[in-house]
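Have a look at query.cif below; it lists mmCIF, C-alpha atoms.
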data_my_file
#
loop_
_atom_site.group_PDB
_atom_site.id
_atom_site.type_symbol
_atom_site.label_atom_id
_atom_site.label_comp_id
_atom_site.auth_asym_id
_atom_site.auth_seq_id
_atom_site.Cartn_x
_atom_site.Cartn_y
_atom_site.Cartn_z
ATOM 1 C CA MET J 1 23.735 0.124 -79.822
ATOM 2 C CA ASP J 2 25.977 1.821 -82.376
ATOM 3 C CA ASN J 3 23.554 1.648 -85.323
ATOM 4 C CA SER J 4 20.535 3.104 -83.585
ATOM 5 C CA SER J 5 21.342 6.799 -84.023
ATOM 6 C CA GLY J 6 21.877 6.404 -87.780
ATOM 7 C CA ILE J 7 18.821 4.217 -88.167
ATOM 8 C CA GLN J 8 16.643 6.712 -86.290
ATOM 9 C CA ALA J 9 17.364 9.296 -88.980
ATOM 10 C CA SER J 10 14.762 7.720 -91.278
ATOM 11 C CA LEU J 11 11.061 7.179 -90.760
ATOM 12 C CA ALA J 12 11.395 3.447 -91.421
ATOM 13 C CA GLY J 13 14.317 3.360 -88.997
ATOM 14 C CA ARG J 14 12.231 4.858 -86.199
ATOM 15 C CA TYR J 15 9.513 2.249 -86.742
ATOM 16 C CA ALA J 16 12.135 -0.522 -86.873
ATOM 17 C CA LEU J 17 13.744 0.724 -83.662
ATOM 18 C CA ALA J 18 10.364 0.786 -81.905
ATOM 19 C CA LEU J 19 9.637 -2.775 -83.057
ATOM 20 C CA PHE J 20 13.121 -3.924 -82.065
ATOM 21 C CA GLU J 21 12.839 -2.415 -78.580
ATOM 22 C CA LEU J 22 9.456 -4.083 -78.040
ATOM 23 C CA ALA J 23 10.815 -7.404 -79.283
ATOM 24 C CA ARG J 24 13.900 -7.080 -77.073
ATOM 25 C CA ASP J 25 11.839 -6.212 -73.995
ATOM 26 C CA GLU J 26 9.524 -9.177 -74.606
ATOM 27 C CA LYS J 27 12.480 -11.438 -75.523
ATOM 28 C CA LYS J 28 11.016 -12.110 -78.968
ATOM 29 C CA ILE J 29 13.730 -10.794 -81.275
ATOM 30 C CA GLU J 30 14.145 -14.155 -83.011
ATOM 31 C CA ALA J 31 10.387 -14.700 -83.428
ATOM 32 C CA VAL J 32 9.907 -11.240 -84.915
ATOM 33 C CA GLY J 33 12.982 -11.711 -87.107
ATOM 34 C CA THR J 34 11.601 -14.983 -88.435
ATOM 35 C CA SER J 35 8.214 -13.389 -89.135
ATOM 36 C CA LEU J 36 9.830 -10.449 -90.915
ATOM 37 C CA ALA J 37 11.997 -12.793 -93.013
ATOM 38 C CA GLY J 38 8.861 -14.632 -94.149
ATOM 39 C CA LEU J 39 7.172 -11.332 -94.871
ATOM 40 C CA LYS J 40 10.163 -10.099 -96.883
ATOM 41 C CA GLN J 41 10.075 -13.276 -98.973
ATOM 42 C CA ALA J 42 6.319 -12.952 -99.481
ATOM 43 C CA LEU J 43 6.736 -9.333 -100.618
ATOM 44 C CA ALA J 44 9.353 -10.434 -103.153
ATOM 45 C CA GLU J 45 7.227 -13.313 -104.464
ATOM 46 C CA SER J 46 3.750 -11.755 -104.474
ATOM 47 C CA SER J 47 3.064 -8.718 -106.625
ATOM 48 C CA GLU J 48 -0.397 -8.479 -105.030
ATOM 49 C CA LEU J 49 1.081 -8.189 -101.539
ATOM 50 C CA ALA J 50 3.639 -5.658 -102.745
ATOM 51 C CA GLU J 51 0.838 -3.641 -104.351
ATOM 52 C CA LEU J 52 -1.222 -3.824 -101.158
ATOM 53 C CA THR J 53 1.604 -2.262 -99.180
ATOM 54 C CA THR J 54 2.379 0.510 -101.679
ATOM 55 C CA SER J 55 -0.870 1.428 -103.440
ATOM 56 C CA PRO J 56 -2.258 4.843 -102.497
ATOM 57 C CA LEU J 57 -5.628 3.759 -103.925
ATOM 58 C CA ILE J 58 -6.289 1.363 -101.051
ATOM 59 C CA GLY J 59 -7.549 3.015 -97.861
ATOM 60 C CA ARG J 60 -5.917 2.580 -94.466
ATOM 61 C CA ASP J 61 -8.772 0.528 -93.027
ATOM 62 C CA GLU J 62 -8.795 -1.793 -96.046
ATOM 63 C CA LYS J 63 -5.021 -2.176 -95.823
ATOM 64 C CA ALA J 64 -5.231 -2.921 -92.107
ATOM 65 C CA ARG J 65 -7.847 -5.639 -92.666
ATOM 66 C CA ALA J 66 -5.965 -7.137 -95.612
ATOM 67 C CA ILE J 67 -2.547 -7.122 -93.930
ATOM 68 C CA GLY J 68 -4.153 -8.589 -90.807
ATOM 69 C CA ALA J 69 -5.545 -11.446 -92.898
ATOM 70 C CA VAL J 70 -2.144 -11.957 -94.549
ATOM 71 C CA ALA J 71 -0.421 -12.002 -91.144
ATOM 72 C CA GLU J 72 -2.946 -14.533 -89.856
ATOM 73 C CA GLN J 73 -2.536 -16.728 -92.941
ATOM 74 C CA MET J 74 1.273 -16.596 -92.650
ATOM 75 C CA LYS J 75 1.042 -17.367 -88.920
ATOM 76 C CA LEU J 76 3.205 -14.384 -87.999
ATOM 77 C CA ASP J 77 3.934 -13.849 -84.319
ATOM 78 C CA PRO J 78 1.472 -11.563 -82.438
ATOM 79 C CA LEU J 79 3.973 -8.715 -82.005
ATOM 80 C CA THR J 80 4.625 -8.562 -85.751
ATOM 81 C CA ARG J 81 0.880 -8.780 -86.512
ATOM 82 C CA ASN J 82 0.150 -5.857 -84.213
ATOM 83 C CA PHE J 83 3.053 -3.904 -85.671
ATOM 84 C CA LEU J 84 1.741 -4.413 -89.205
ATOM 85 C CA GLY J 85 -1.629 -3.109 -88.054
ATOM 86 C CA VAL J 86 0.043 0.018 -86.672
ATOM 87 C CA LEU J 87 1.914 0.546 -89.951
ATOM 88 C CA ALA J 88 -1.339 0.170 -91.897
ATOM 89 C CA GLN J 89 -3.309 2.531 -89.639
ATOM 90 C CA ASN J 90 -0.538 5.137 -89.837
ATOM 91 C CA GLY J 91 -0.343 4.851 -93.625
ATOM 92 C CA ARG J 92 3.237 3.548 -93.488
ATOM 93 C CA LEU J 93 2.974 0.083 -95.054
ATOM 94 C CA SER J 94 4.960 1.402 -98.014
ATOM 95 C CA GLN J 95 7.939 1.602 -95.644
ATOM 96 C CA LEU J 96 7.735 -2.117 -94.775
ATOM 97 C CA GLY J 97 10.762 -3.233 -96.811
ATOM 98 C CA GLN J 98 12.955 -0.549 -95.257
ATOM 99 C CA VAL J 99 11.609 -1.338 -91.775
ATOM 100 C CA ILE J 100 12.519 -5.007 -92.243
ATOM 101 C CA ARG J 101 16.030 -4.099 -93.397
ATOM 102 C CA ALA J 102 16.557 -1.725 -90.458
ATOM 103 C CA PHE J 103 15.180 -4.256 -87.952
ATOM 104 C CA ASN J 104 17.588 -6.894 -89.284
ATOM 105 C CA LEU J 105 20.507 -4.491 -88.838
ATOM 106 C CA LEU J 106 19.455 -3.762 -85.259
ATOM 107 C CA ALA J 107 18.996 -7.447 -84.446
ATOM 108 C CA ALA J 108 22.386 -8.347 -85.954
ATOM 109 C CA SER J 109 24.069 -5.557 -84.009
ATOM 110 C CA HIS J 110 22.372 -6.802 -80.836
ATOM 111 C CA ARG J 111 23.842 -10.262 -81.481
ATOM 112 C CA GLY J 112 27.281 -8.745 -82.147
ATOM 113 C CA GLU J 113 27.167 -9.552 -85.856
ATOM 114 C CA ILE J 114 27.897 -7.472 -88.915
ATOM 115 C CA THR J 115 25.462 -7.480 -91.821
ATOM 116 C CA ALA J 116 26.587 -6.950 -95.391
ATOM 117 C CA GLU J 117 24.028 -5.945 -97.990
ATOM 118 C CA VAL J 118 25.033 -7.741 -101.189
ATOM 119 C CA THR J 119 23.330 -6.786 -104.448
ATOM 120 C CA SER J 120 23.899 -8.877 -107.559
ATOM 121 C CA ALA J 121 22.539 -8.833 -111.104
ATOM 122 C CA ARG J 122 21.061 -12.339 -110.680
ATOM 123 C CA PRO J 123 20.307 -14.586 -107.725
ATOM 124 C CA LEU J 124 23.406 -16.158 -106.178
ATOM 125 C CA ASP J 125 23.676 -19.874 -105.458
ATOM 126 C CA ASP J 126 24.694 -21.273 -102.064
ATOM 127 C CA ASP J 127 28.342 -21.772 -103.068
ATOM 128 C CA GLN J 128 28.658 -18.171 -104.226
ATOM 129 C CA VAL J 129 27.099 -16.890 -101.010
ATOM 130 C CA ALA J 130 29.491 -19.060 -98.963
ATOM 131 C CA GLN J 131 32.474 -17.676 -100.900
ATOM 132 C CA ILE J 132 31.306 -14.095 -100.348
ATOM 133 C CA LYS J 133 30.822 -14.743 -96.616
ATOM 134 C CA GLN J 134 34.286 -16.294 -96.341
ATOM 135 C CA HIS J 135 35.917 -13.393 -98.182
ATOM 136 C CA LEU J 136 34.100 -10.823 -96.033
ATOM 137 C CA ARG J 137 34.894 -12.748 -92.842
ATOM 138 C CA THR J 138 38.605 -12.667 -93.789
ATOM 139 C CA ARG J 139 38.438 -8.974 -94.651
ATOM 140 C CA MET J 140 36.460 -7.873 -91.579
ATOM 141 C CA GLY J 141 37.809 -10.390 -89.052
ATOM 142 C CA ARG J 142 34.282 -11.247 -87.839
ATOM 143 C CA ASP J 143 31.334 -13.365 -88.871
ATOM 144 C CA ILE J 144 29.099 -11.565 -91.301
ATOM 145 C CA ASN J 145 25.453 -12.075 -92.171
ATOM 146 C CA VAL J 146 24.573 -11.459 -95.796
ATOM 147 C CA ASP J 147 21.380 -9.699 -96.881
ATOM 148 C CA LEU J 148 20.953 -10.629 -100.554
ATOM 149 C CA ASN J 149 19.241 -8.414 -103.115
ATOM 150 C CA VAL J 150 18.908 -8.698 -106.888
ATOM 151 C CA ASP J 151 19.135 -5.718 -109.256
ATOM 152 C CA PRO J 152 19.301 -6.692 -112.954
ATOM 153 C CA ALA J 153 20.396 -3.116 -113.792
ATOM 154 C CA LEU J 154 23.877 -3.963 -112.428
ATOM 155 C CA LEU J 155 24.427 -6.136 -115.540
ATOM 156 C CA GLY J 156 26.958 -8.252 -113.598
ATOM 157 C CA GLY J 157 29.283 -8.153 -110.616
ATOM 158 C CA LEU J 158 28.362 -7.179 -107.065
ATOM 159 C CA VAL J 159 27.733 -4.188 -104.861
ATOM 160 C CA VAL J 160 28.548 -4.887 -101.203
ATOM 161 C CA LYS J 161 27.624 -2.453 -98.418
ATOM 162 C CA ILE J 162 28.873 -2.928 -94.878
ATOM 163 C CA GLY J 163 27.884 -0.018 -92.679
ATOM 164 C CA SER J 164 29.171 3.100 -94.409
ATOM 165 C CA GLN J 165 31.611 1.174 -96.628
ATOM 166 C CA MET J 166 30.648 0.219 -100.167
ATOM 167 C CA ILE J 167 32.482 -2.036 -102.594
ATOM 168 C CA ASP J 168 31.066 -1.604 -106.094
ATOM 169 C CA SER J 169 32.389 -4.106 -108.622
ATOM 170 C CA SER J 170 29.327 -3.990 -110.864
ATOM 171 C CA ILE J 171 29.686 -3.941 -114.626
ATOM 172 C CA ARG J 172 27.309 -0.958 -114.768
ATOM 173 C CA THR J 173 29.688 1.137 -112.651
ATOM 174 C CA LYS J 174 32.727 0.002 -114.638
ATOM 175 C CA LEU J 175 31.010 0.932 -117.912
ATOM 176 C CA ASN J 176 29.971 4.320 -116.522
ATOM 177 C CA THR J 177 33.545 4.966 -115.352
ATOM 178 C CA LEU J 178 34.908 3.982 -118.759
ATOM 179 C CA ALA J 179 32.386 6.201 -120.549
ATOM 180 C CA HIS J 180 33.276 9.127 -118.300
ATOM 181 C CA ALA J 181 37.002 8.585 -118.890
ATOM 182 C CA MET J 182 36.507 8.430 -122.653
ATOM 183 C CA LYS J 183 34.690 11.788 -122.652
ATOM 184 C CA GLY J 184 37.922 13.242 -121.296
#
Re-express the file's structure as structure tokens.
Amino acid sequence: MDNSSGIQASLAGRYALALFELARDEKKIEAVGTSLAGLKQALAESSELAELTTSPLIGRDEKARAIGAVAEQMKLDPLTRNFLGVLAQNGRLSQLGQVIRAFNLLAASHRGEITAEVTSARPLDDDQVAQIKQHLRTRMGRDINVDLNVDPALLGGLVVKIGSQMIDSSIRTKLNTLAHAMKG
């Protein structure tokens, strides 16, 4: 797996790799991926869940019980539930978003896919996402999965990351470049 050595460099990457290897060995990559996708969406939509995972004021045991209840309520697969318990007990729930991202990269690589991380100033509609996928497919010569993120600080445009390549067409970057050029 070509991504694994780079992913292992981070703490979240090591957790993601461990989860991926367990899921692969148990033939549950898709089930875990589906659970993590639901969890990622829940983290984005629920400020309470996001606070649970990041707050240093909540103890490990409390976090473990709470995240266990959330996992049960969301009907996450058993492997993901157990993994969340391990993260909570080790005080690593704050790394959950990065673990999900790294797991998705590993799973895509396992399937022979490329994943592009696309960040926009506002949410993209389905047509825009389809156009981006088509453009990237033409450029890369392979099918590409798109991991969408929103960052209002970009002001407009896109930032696309594929592996170590980055295409930054954001208005923020263009304004910064213009300001730097004007300083002379």
Given the file shown, enumerate the residues that the PyMOL selection byres ((chain J and resi 115-117) around 12) captures and present them as a ChimeraX atom specification.
/J:3,101-114,118-120,129,132-133,135-137,140,142-150,158-168
For each of J:Leu154, J:Ala130, J:Val86, J:Ala42, take the minimum atom-to-atom distance to Gln73 of chain J, counting only C-alpha atoms, then give the residue where this is smallest.
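Ranked by minimum distance to Gln73 of chain J, first place goes to J:Ala42.
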Computed interatomic separation between atom CA of Ile67 of chain J and atom CA of Asp25 of chain J (Å):
24.6 Å
Run the PyMOL selection byres ((chain J and resi 46-54) around 10) mentally over the shown coordinates, then write out the matched residues as a PyMOL selection string, using the chain letters and numbers from the document.
chain J and resi 39-45+55-59+62-64+66-67+70+87-88+91-97
Tell me which of J:Lys27, J:Lys183, J:Arg65, J:Lys174 sits closest to Arg81 of chain J, counting all atoms listed in the file.
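Closest candidate: J:Arg65.
Each of J:Gly156, J:Gly141, J:Gly13, J:Gly33 was compared to Leu79 of chain J using all atoms listed in the file, and J:Gly33 turns out to be the nearest.
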Between atom CA of Glu72 of chain J and atom CA of Pro123 of chain J, what is the distance in Å, rounded to a tenth?
29.3 Å
Report, in Å to a single decimal, how far apart atom CA of Phe83 of chain J and atom CA of Asp61 of chain J are.
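Separating atom CA of Asp61 of chain J from atom CA of Phe83 of chain J is a distance of 14.6 Å.
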Using all atoms listed in the file: which of J:Thr80, J:Gly68, J:Leu22, J:Tyr15 has the shortest distance to Ser35 of chain J
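Nearest candidate to Ser35 of chain J out of J:Thr80, J:Gly68, J:Leu22, J:Tyr15: J:Thr80.
Nearest to Leu17 of chain J of all the residues J:Ala179, J:Gln131, J:Ile100, J:Leu124 is J:Ile100, based on all atoms listed in the file.
Candidate residues J:Ala121, J:Leu84, J:Ala181, J:Ala153 were compared for distance to Val99 of chain J, and the nearest is J:Leu84, using all atoms listed in the file.
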